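**Q** This is the content of work31.pdb (PDB, N, CA and C atoms, pLDDT in the B column):
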ATOM      1  N   MET A1339     196.912 301.416 142.871  1.00 52.00           N
ATOM      2  CA  MET A1339     196.108 301.711 144.036  1.00 52.00           C
ATOM      3  C   MET A1339     195.259 300.477 144.361  1.00 52.00           C
ATOM      4  N   HIS A1340     195.413 299.987 145.572  1.00 64.00           N
ATOM      5  CA  HIS A1340     194.639 298.831 146.005  1.00 64.00           C
ATOM      6  C   HIS A1340     193.684 299.259 147.101  1.00 64.00           C
ATOM      7  N   SER A1341     192.481 298.762 147.015  1.00 75.00           N
ATOM      8  CA  SER A1341     191.483 299.087 148.017  1.00 75.00           C
ATOM      9  C   SER A1341     190.839 297.794 148.489  1.00 75.00           C
ATOM     10  N   ARG A1342     190.648 297.689 149.756  1.00 94.00           N
ATOM     11  CA  ARG A1342     189.953 296.522 150.283  1.00 94.00           C
ATOM     12  C   ARG A1342     188.500 296.579 149.851  1.00 94.00           C
ATOM     13  N   LEU A1343     187.954 295.440 149.481  1.00 96.00           N
ATOM     14  CA  LEU A1343     186.583 295.368 148.994  1.00 96.00           C
ATOM     15  C   LEU A1343     185.712 294.617 149.990  1.00 96.00           C
ATOM     16  N   LEU A1344     184.484 295.094 150.158  1.00 97.00           N
ATOM     17  CA  LEU A1344     183.536 294.477 151.077  1.00 97.00           C
ATOM     18  C   LEU A1344     182.367 293.873 150.313  1.00 97.00           C
ATOM     19  N   SER A1345     181.888 292.741 150.791  1.00 95.00           N
ATOM     20  CA  SER A1345     180.700 292.126 150.203  1.00 95.00           C
ATOM     21  C   SER A1345     179.468 292.929 150.612  1.00 95.00           C
ATOM     22  N   ILE A1346     178.372 292.703 149.916  1.00 96.00           N
ATOM     23  CA  ILE A1346     177.119 293.390 150.242  1.00 96.00           C
ATOM     24  C   ILE A1346     176.666 293.056 151.669  1.00 96.00           C
ATOM     25  N   PRO A1347     176.714 291.779 152.098  1.00 96.00           N
ATOM     26  CA  PRO A1347     176.338 291.498 153.490  1.00 96.00           C
ATOM     27  C   PRO A1347     177.229 292.215 154.507  1.00 96.00           C
ATOM     28  N   ALA A1348     178.520 292.361 154.202  1.00 97.00           N
ATOM     29  CA  ALA A1348     179.422 293.058 155.122  1.00 97.00           C
ATOM     30  C   ALA A1348     179.073 294.542 155.201  1.00 97.00           C
ATOM     31  N   VAL A1349     178.723 295.141 154.070  1.00 97.00           N
ATOM     32  CA  VAL A1349     178.319 296.553 154.061  1.00 97.00           C
ATOM     33  C   VAL A1349     177.010 296.713 154.831  1.00 97.00           C
ATOM     34  N   ALA A1350     176.077 295.804 154.609  1.00 97.00           N
ATOM     35  CA  ALA A1350     174.799 295.861 155.321  1.00 97.00           C
ATOM     36  C   ALA A1350     175.023 295.766 156.832  1.00 97.00           C
ATOM     37  N   ALA A1351     175.913 294.895 157.256  1.00 97.00           N
ATOM     38  CA  ALA A1351     176.210 294.751 158.685  1.00 97.00           C
ATOM     39  C   ALA A1351     176.869 296.015 159.234  1.00 97.00           C
ATOM     40  N   ALA A1352     177.781 296.596 158.465  1.00 97.00           N
ATOM     41  CA  ALA A1352     178.469 297.811 158.917  1.00 97.00           C
ATOM     42  C   ALA A1352     177.493 298.973 159.074  1.00 97.00           C
ATOM     43  N   LEU A1353     176.486 299.033 158.204  1.00 97.00           N
ATOM     44  CA  LEU A1353     175.508 300.123 158.250  1.00 97.00           C
ATOM     45  C   LEU A1353     174.287 299.770 159.100  1.00 97.00           C
ATOM     46  N   ASP A1354     174.204 298.525 159.543  1.00 97.00           N
ATOM     47  CA  ASP A1354     173.068 298.026 160.317  1.00 97.00           C
ATOM     48  C   ASP A1354     171.757 298.206 159.543  1.00 97.00           C
ATOM     49  N   VAL A1355     171.802 297.791 158.267  1.00 98.00           N
ATOM     50  CA  VAL A1355     170.623 297.841 157.403  1.00 98.00           C
ATOM     51  C   VAL A1355     170.497 296.508 156.677  1.00 98.00           C
ATOM     52  N   ASP A1356     169.380 296.314 156.011  1.00 97.00           N
ATOM     53  CA  ASP A1356     169.141 295.122 155.212  1.00 97.00           C
ATOM     54  C   ASP A1356     169.947 295.189 153.911  1.00 97.00           C
ATOM     55  N   ARG A1357     170.273 294.043 153.346  1.00 96.00           N
ATOM     56  CA  ARG A1357     171.007 294.019 152.069  1.00 96.00           C
ATOM     57  C   ARG A1357     170.254 294.754 150.972  1.00 96.00           C
ATOM     58  N   ARG A1358     168.929 294.678 150.981  1.00 97.00           N
ATOM     59  CA  ARG A1358     168.150 295.389 149.955  1.00 97.00           C
ATOM     60  C   ARG A1358     168.387 296.894 150.030  1.00 97.00           C
ATOM     61  N   THR A1359     168.575 297.399 151.232  1.00 98.00           N
ATOM     62  CA  THR A1359     168.854 298.829 151.398  1.00 98.00           C
ATOM     63  C   THR A1359     170.197 299.178 150.774  1.00 98.00           C
ATOM     64  N   VAL A1360     171.180 298.310 150.942  1.00 97.00           N
ATOM     65  CA  VAL A1360     172.494 298.535 150.321  1.00 97.00           C
ATOM     66  C   VAL A1360     172.344 298.580 148.803  1.00 97.00           C
ATOM     67  N   TYR A1361     171.574 297.658 148.239  1.00 96.00           N
ATOM     68  CA  TYR A1361     171.360 297.660 146.787  1.00 96.00           C
ATOM     69  C   TYR A1361     170.639 298.935 146.333  1.00 96.00           C
ATOM     70  N   ARG A1362     169.751 299.472 147.158  1.00 97.00           N
ATOM     71  CA  ARG A1362     169.087 300.741 146.816  1.00 97.00           C
ATOM     72  C   ARG A1362     170.094 301.889 146.814  1.00 97.00           C
ATOM     73  N   PHE A1363     170.998 301.906 147.800  1.00 97.00           N
ATOM     74  CA  PHE A1363     172.049 302.937 147.817  1.00 97.00           C
ATOM     75  C   PHE A1363     172.918 302.838 146.565  1.00 97.00           C
ATOM     76  N   ILE A1364     173.222 301.617 146.146  1.00 97.00           N
ATOM     77  CA  ILE A1364     174.034 301.408 144.939  1.00 97.00           C
ATOM     78  C   ILE A1364     173.274 301.888 143.707  1.00 97.00           C
ATOM     79  N   ALA A1365     172.009 301.501 143.587  1.00 96.00           N
ATOM     80  CA  ALA A1365     171.191 301.890 142.432  1.00 96.00           C
ATOM     81  C   ALA A1365     171.049 303.406 142.342  1.00 96.00           C
ATOM     82  N   ALA A1366     171.000 304.071 143.494  1.00 97.00           N
ATOM     83  CA  ALA A1366     170.869 305.535 143.525  1.00 97.00           C
ATOM     84  C   ALA A1366     172.197 306.232 143.231  1.00 97.00           C
ATOM     85  N   GLY A1367     173.276 305.453 143.148  1.00 96.00           N
ATOM     86  CA  GLY A1367     174.588 306.048 142.895  1.00 96.00           C
ATOM     87  C   GLY A1367     175.267 306.574 144.144  1.00 96.00           C
ATOM     88  N   ASP A1368     174.729 306.230 145.314  1.00 96.00           N
ATOM     89  CA  ASP A1368     175.298 306.708 146.575  1.00 96.00           C
ATOM     90  C   ASP A1368     176.495 305.890 147.040  1.00 96.00           C
ATOM     91  N   LEU A1369     176.554 304.641 146.637  1.00 97.00           N
ATOM     92  CA  LEU A1369     177.660 303.756 147.003  1.00 97.00           C
ATOM     93  C   LEU A1369     178.333 303.248 145.730  1.00 97.00           C
ATOM     94  N   PRO A1370     179.653 303.385 145.631  1.00 96.00           N
ATOM     95  CA  PRO A1370     180.348 302.854 144.454  1.00 96.00           C
ATOM     96  C   PRO A1370     180.531 301.345 144.574  1.00 96.00           C
ATOM     97  N   VAL A1371     180.613 300.678 143.449  1.00 96.00           N
ATOM     98  CA  VAL A1371     180.846 299.233 143.451  1.00 96.00           C
ATOM     99  C   VAL A1371     181.911 298.860 142.434  1.00 96.00           C
ATOM    100  N   VAL A1372     182.515 297.713 142.668  1.00 94.00           N
ATOM    101  CA  VAL A1372     183.424 297.083 141.718  1.00 94.00           C
ATOM    102  C   VAL A1372     182.735 295.795 141.305  1.00 94.00           C
ATOM    103  N   ASP A1373     182.545 295.604 139.998  1.00 90.00           N
ATOM    104  CA  ASP A1373     181.874 294.403 139.501  1.00 90.00           C
ATOM    105  C   ASP A1373     182.928 293.352 139.168  1.00 90.00           C
ATOM    106  N   LEU A1374     182.866 292.229 139.850  1.00 87.00           N
ATOM    107  CA  LEU A1374     183.839 291.156 139.663  1.00 87.00           C
ATOM    108  C   LEU A1374     183.292 290.040 138.790  1.00 87.00           C
ATOM    109  N   ARG A1375     182.420 290.399 137.879  1.00 80.00           N
ATOM    110  CA  ARG A1375     181.803 289.422 136.975  1.00 80.00           C
ATOM    111  C   ARG A1375     182.903 288.628 136.250  1.00 80.00           C
ATOM    112  N   THR A1376     182.697 287.336 136.160  1.00 76.00           N
ATOM    113  CA  THR A1376     183.690 286.475 135.512  1.00 76.00           C
ATOM    114  C   THR A1376     183.108 285.754 134.310  1.00 76.00           C
ATOM    115  N   GLY A1377     182.218 286.395 133.617  1.00 73.00           N
ATOM    116  CA  GLY A1377     181.601 285.787 132.445  1.00 73.00           C
ATOM    117  C   GLY A1377     180.181 286.285 132.303  1.00 73.00           C
ATOM    118  N   THR A1378     179.324 285.430 131.779  1.00 74.00           N
ATOM    119  CA  THR A1378     177.950 285.832 131.524  1.00 74.00           C
ATOM    120  C   THR A1378     177.032 285.606 132.728  1.00 74.00           C
ATOM    121  N   GLY A1379     177.585 285.056 133.803  1.00 72.00           N
ATOM    122  CA  GLY A1379     176.778 284.788 134.990  1.00 72.00           C
ATOM    123  C   GLY A1379     176.421 286.057 135.736  1.00 72.00           C
ATOM    124  N   ARG A1380     175.832 285.866 136.887  1.00 73.00           N
ATOM    125  CA  ARG A1380     175.444 287.003 137.714  1.00 73.00           C
ATOM    126  C   ARG A1380     176.666 287.831 138.071  1.00 73.00           C
ATOM    127  N   SER A1381     176.448 289.135 138.213  1.00 73.00           N
ATOM    128  CA  SER A1381     177.555 289.979 138.628  1.00 73.00           C
ATOM    129  C   SER A1381     177.829 289.752 140.106  1.00 73.00           C
ATOM    130  N   ARG A1382     179.047 289.993 140.484  1.00 87.00           N
ATOM    131  CA  ARG A1382     179.462 289.882 141.879  1.00 87.00           C
ATOM    132  C   ARG A1382     180.039 291.237 142.253  1.00 87.00           C
ATOM    133  N   VAL A1383     179.245 292.050 142.893  1.00 92.00           N
ATOM    134  CA  VAL A1383     179.708 293.395 143.209  1.00 92.00           C
ATOM    135  C   VAL A1383     180.286 293.447 144.609  1.00 92.00           C
ATOM    136  N   ARG A1384     181.255 294.319 144.761  1.00 96.00           N
ATOM    137  CA  ARG A1384     181.885 294.590 146.043  1.00 96.00           C
ATOM    138  C   ARG A1384     181.978 296.104 146.198  1.00 96.00           C
ATOM    139  N   VAL A1385     181.963 296.551 147.431  1.00 97.00           N
ATOM    140  CA  VAL A1385     182.042 297.978 147.727  1.00 97.00           C
ATOM    141  C   VAL A1385     183.431 298.267 148.291  1.00 97.00           C
ATOM    142  N   PRO A1386     184.155 299.215 147.697  1.00 97.00           N
ATOM    143  CA  PRO A1386     185.463 299.583 148.257  1.00 97.00           C
ATOM    144  C   PRO A1386     185.280 300.209 149.645  1.00 97.00           C
ATOM    145  N   VAL A1387     186.167 299.871 150.568  1.00 97.00           N
ATOM    146  CA  VAL A1387     186.104 300.427 151.919  1.00 97.00           C
ATOM    147  C   VAL A1387     186.111 301.954 151.864  1.00 97.00           C
ATOM    148  N   ALA A1388     186.930 302.517 150.984  1.00 96.00           N
ATOM    149  CA  ALA A1388     186.998 303.980 150.861  1.00 96.00           C
ATOM    150  C   ALA A1388     185.650 304.554 150.433  1.00 96.00           C
ATOM    151  N   GLY A1389     184.935 303.853 149.570  1.00 96.00           N
ATOM    152  CA  GLY A1389     183.616 304.308 149.135  1.00 96.00           C
ATOM    153  C   GLY A1389     182.606 304.265 150.268  1.00 96.00           C
ATOM    154  N   LEU A1390     182.687 303.221 151.096  1.00 97.00           N
ATOM    155  CA  LEU A1390     181.803 303.125 152.253  1.00 97.00           C
ATOM    156  C   LEU A1390     182.118 304.241 153.247  1.00 97.00           C
ATOM    157  N   ASP A1391     183.398 304.486 153.486  1.00 96.00           N
ATOM    158  CA  ASP A1391     183.798 305.570 154.397  1.00 96.00           C
ATOM    159  C   ASP A1391     183.280 306.919 153.911  1.00 96.00           C
ATOM    160  N   GLU A1392     183.394 307.156 152.598  1.00 96.00           N
ATOM    161  CA  GLU A1392     182.915 308.419 152.026  1.00 96.00           C
ATOM    162  C   GLU A1392     181.396 308.522 152.153  1.00 96.00           C
ATOM    163  N   PHE A1393     180.701 307.426 151.923  1.00 96.00           N
ATOM    164  CA  PHE A1393     179.247 307.393 152.059  1.00 96.00           C
ATOM    165  C   PHE A1393     178.840 307.760 153.489  1.00 96.00           C
ATOM    166  N   ILE A1394     179.502 307.163 154.455  1.00 96.00           N
ATOM    167  CA  ILE A1394     179.195 307.448 155.858  1.00 96.00           C
ATOM    168  C   ILE A1394     179.504 308.902 156.185  1.00 96.00           C
ATOM    169  N   SER A1395     180.652 309.392 155.748  1.00 94.00           N
ATOM    170  CA  SER A1395     181.035 310.784 156.014  1.00 94.00           C
ATOM    171  C   SER A1395     180.043 311.767 155.407  1.00 94.00           C
ATOM    172  N   SER A1396     179.515 311.443 154.237  1.00 93.00           N
ATOM    173  CA  SER A1396     178.595 312.356 153.562  1.00 93.00           C
ATOM    174  C   SER A1396     177.254 312.447 154.281  1.00 93.00           C
ATOM    175  N   ARG A1397     176.980 311.497 155.146  1.00 92.00           N
ATOM    176  CA  ARG A1397     175.709 311.479 155.866  1.00 92.00           C
ATOM    177  C   ARG A1397     175.842 311.874 157.336  1.00 92.00           C
ATOM    178  N   MET A1398     177.042 312.294 157.719  1.00 89.00           N
ATOM    179  CA  MET A1398     177.267 312.713 159.105  1.00 89.00           C
ATOM    180  C   MET A1398     176.559 314.035 159.356  1.00 89.00           C
ATOM    181  N   VAL A1399     176.008 314.189 160.541  1.00 86.00           N
ATOM    182  CA  VAL A1399     175.391 315.442 160.949  1.00 86.00           C
ATOM    183  C   VAL A1399     176.152 315.962 162.159  1.00 86.00           C
ATOM    184  N   ALA A1400     176.159 317.284 162.316  1.00 79.00           N
ATOM    185  CA  ALA A1400     176.926 317.910 163.384  1.00 79.00           C
ATOM    186  C   ALA A1400     176.376 317.532 164.760  1.00 79.00           C
ATOM    187  N   SER A1401     175.058 317.499 164.879  1.00 71.00           N
ATOM    188  CA  SER A1401     174.458 317.126 166.159  1.00 71.00           C
ATOM    189  C   SER A1401     173.038 316.638 165.919  1.00 71.00           C
ATOM    190  N   VAL A1402     172.469 316.030 166.917  1.00 64.00           N
ATOM    191  CA  VAL A1402     171.097 315.554 166.801  1.00 64.00           C
ATOM    192  C   VAL A1402     170.149 316.725 166.573  1.00 64.00           C
ATOM    193  N   ALA A1403     170.439 317.879 167.170  1.00 62.00           N
ATOM    194  CA  ALA A1403     169.601 319.072 167.007  1.00 62.00           C
ATOM    195  C   ALA A1403     169.552 319.509 165.536  1.00 62.00           C
ATOM    196  N   ALA A1404     170.609 319.209 164.761  1.00 55.00           N
ATOM    197  CA  ALA A1404     170.641 319.601 163.358  1.00 55.00           C
ATOM    198  C   ALA A1404     169.608 318.828 162.544  1.00 55.00           C
ATOM    199  N   CYS A1405     169.156 317.694 163.055  1.00 58.00           N
ATOM    200  CA  CYS A1405     168.172 316.875 162.346  1.00 58.00           C
ATOM    201  C   CYS A1405     166.760 317.416 162.478  1.00 58.00           C
ATOM    202  N   HIS A1406     166.531 318.306 163.437  1.00 60.00           N
ATOM    203  CA  HIS A1406     165.173 318.776 163.701  1.00 60.00           C
ATOM    204  C   HIS A1406     164.934 320.106 163.117  1.00 60.00           C
TER     205      HIS A1406
END
Translate this file's structure into structure tokens.
**A**
Amino acid sequence: MHSRLLSIPAVAAALDVDRRTVYRFIAAGDLPVVDLRTGTGRSRVRVPVAGLDEFISSRMVASVAACH
């Protein structure tokens, strides 16, 4: 199974939020990540497109009236 992976800036742009907000979603367990760490250096995380789609779907509301 292959999934396209998105960088944190790409996810932030897709959601129209700051990168720090994306990291908060990840820390809360709301967004899955793939860690592409290649040694002892900093981790390089990517978000699978399917995970982003699921995240967006889970936050969909039926109508604006449902928010009030």
**Q** From chain A, collect each residue whose DSSP state is strand (DSSP E) and return the set as a PyMOL selection string.
**A** chain A and resi 1343-1344+1372-1373+1383-1386
**Q** In Å to one decimal, how far is atom C of Pro1386 (chain A) from atom C of Val1371 (chain A)?
**A**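 Between these atoms lies a distance of 8.1 Å.
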**Q** One decimal, Å: what's the distance from atom C of Leu1390 (chain A) over to atom C of Arg1358 (chain A), could you say?
**A**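 Taking atom C of Leu1390 (chain A) and atom C of Arg1358 (chain A), their separation equals 15.9 Å.
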**Q** As a list in words, please: every residue in chain A that DSSP puts in alpha helix (DSSP H).
**A**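 Here are the alpha helix (DSSP H) residues of chain A: Ile1346, Pro1347, Ala1348, Val1349, Ala1350, Ala1351, Ala1352, Leu1353, Arg1357, Arg1358, Thr1359, Val1360, Tyr1361, Arg1362, Phe1363, Ile1364, Ala1365, Val1387, Ala1388, Gly1389, Leu1390, Asp1391, Glu1392, Phe1393, Ile1394, Ser1395 and Ser1396 of chain A.
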**Q** Go through A:Gly1377, A:Val1355, A:Ala1388, A:Gly1367 one by one, measure the shortest atom-to-atom distance of each to Ser1341 (chain A) using all atoms listed in the file, and give the residue with the smallest value.
**A**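 Result for the nearest residue to Ser1341 (chain A): A:Ala1388.
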**Q** Rounded to one decimal, what separation in Å do you get between atom C of Pro1347 (chain A) and CA of Val1383 (chain A)?
**A**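 So the answer is 11.6 Å.
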**Q** I need the residue nearest Ser1345 (chain A) from this list: A:Val1385, A:Val1360, A:Ile1394, A:Ala1366. Use all atoms listed in the file for the distance.
**A** A:Val1385
**Q** Could you give me the centre and size, in Å to one decimal, of an axis-aligned box around all listed atoms of region 1357-1371 of chain A with 3 Å added on every side, as lines of an AutoDock Vina configuration file?
**A**
center_x = 175.0
center_y = 300.4
center_z = 147.8
size_x = 19.8
size_y = 18.7
size_z = 17.0
**Q** So, counting only C-alpha atoms, which residue among A:Leu1374, A:Gly1379, A:Ser1395, A:Ala1350 is closest to Arg1362 (chain A)?
**A**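 When distances to Arg1362 (chain A) are compared using only C-alpha atoms, the smallest one comes from A:Ala1350.
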**Q** Nearest residue to Leu1343 (chain A) out of A:Glu1392, A:Arg1384, A:Thr1376, A:Leu1369, using only N, CA and C atoms?
**A**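 Distance minimum relative to Leu1343 (chain A) lands on A:Arg1384.
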**Q** Compare A:Val1387, A:Arg1357, A:Arg1382, A:Asp1373 by their minimum atom-to-atom distance to Leu1344 (chain A), counting only N, CA and C atoms, and give me the closest one.
**A**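 Residue with the minimum atom-to-atom distance to Leu1344 (chain A): A:Val1387.
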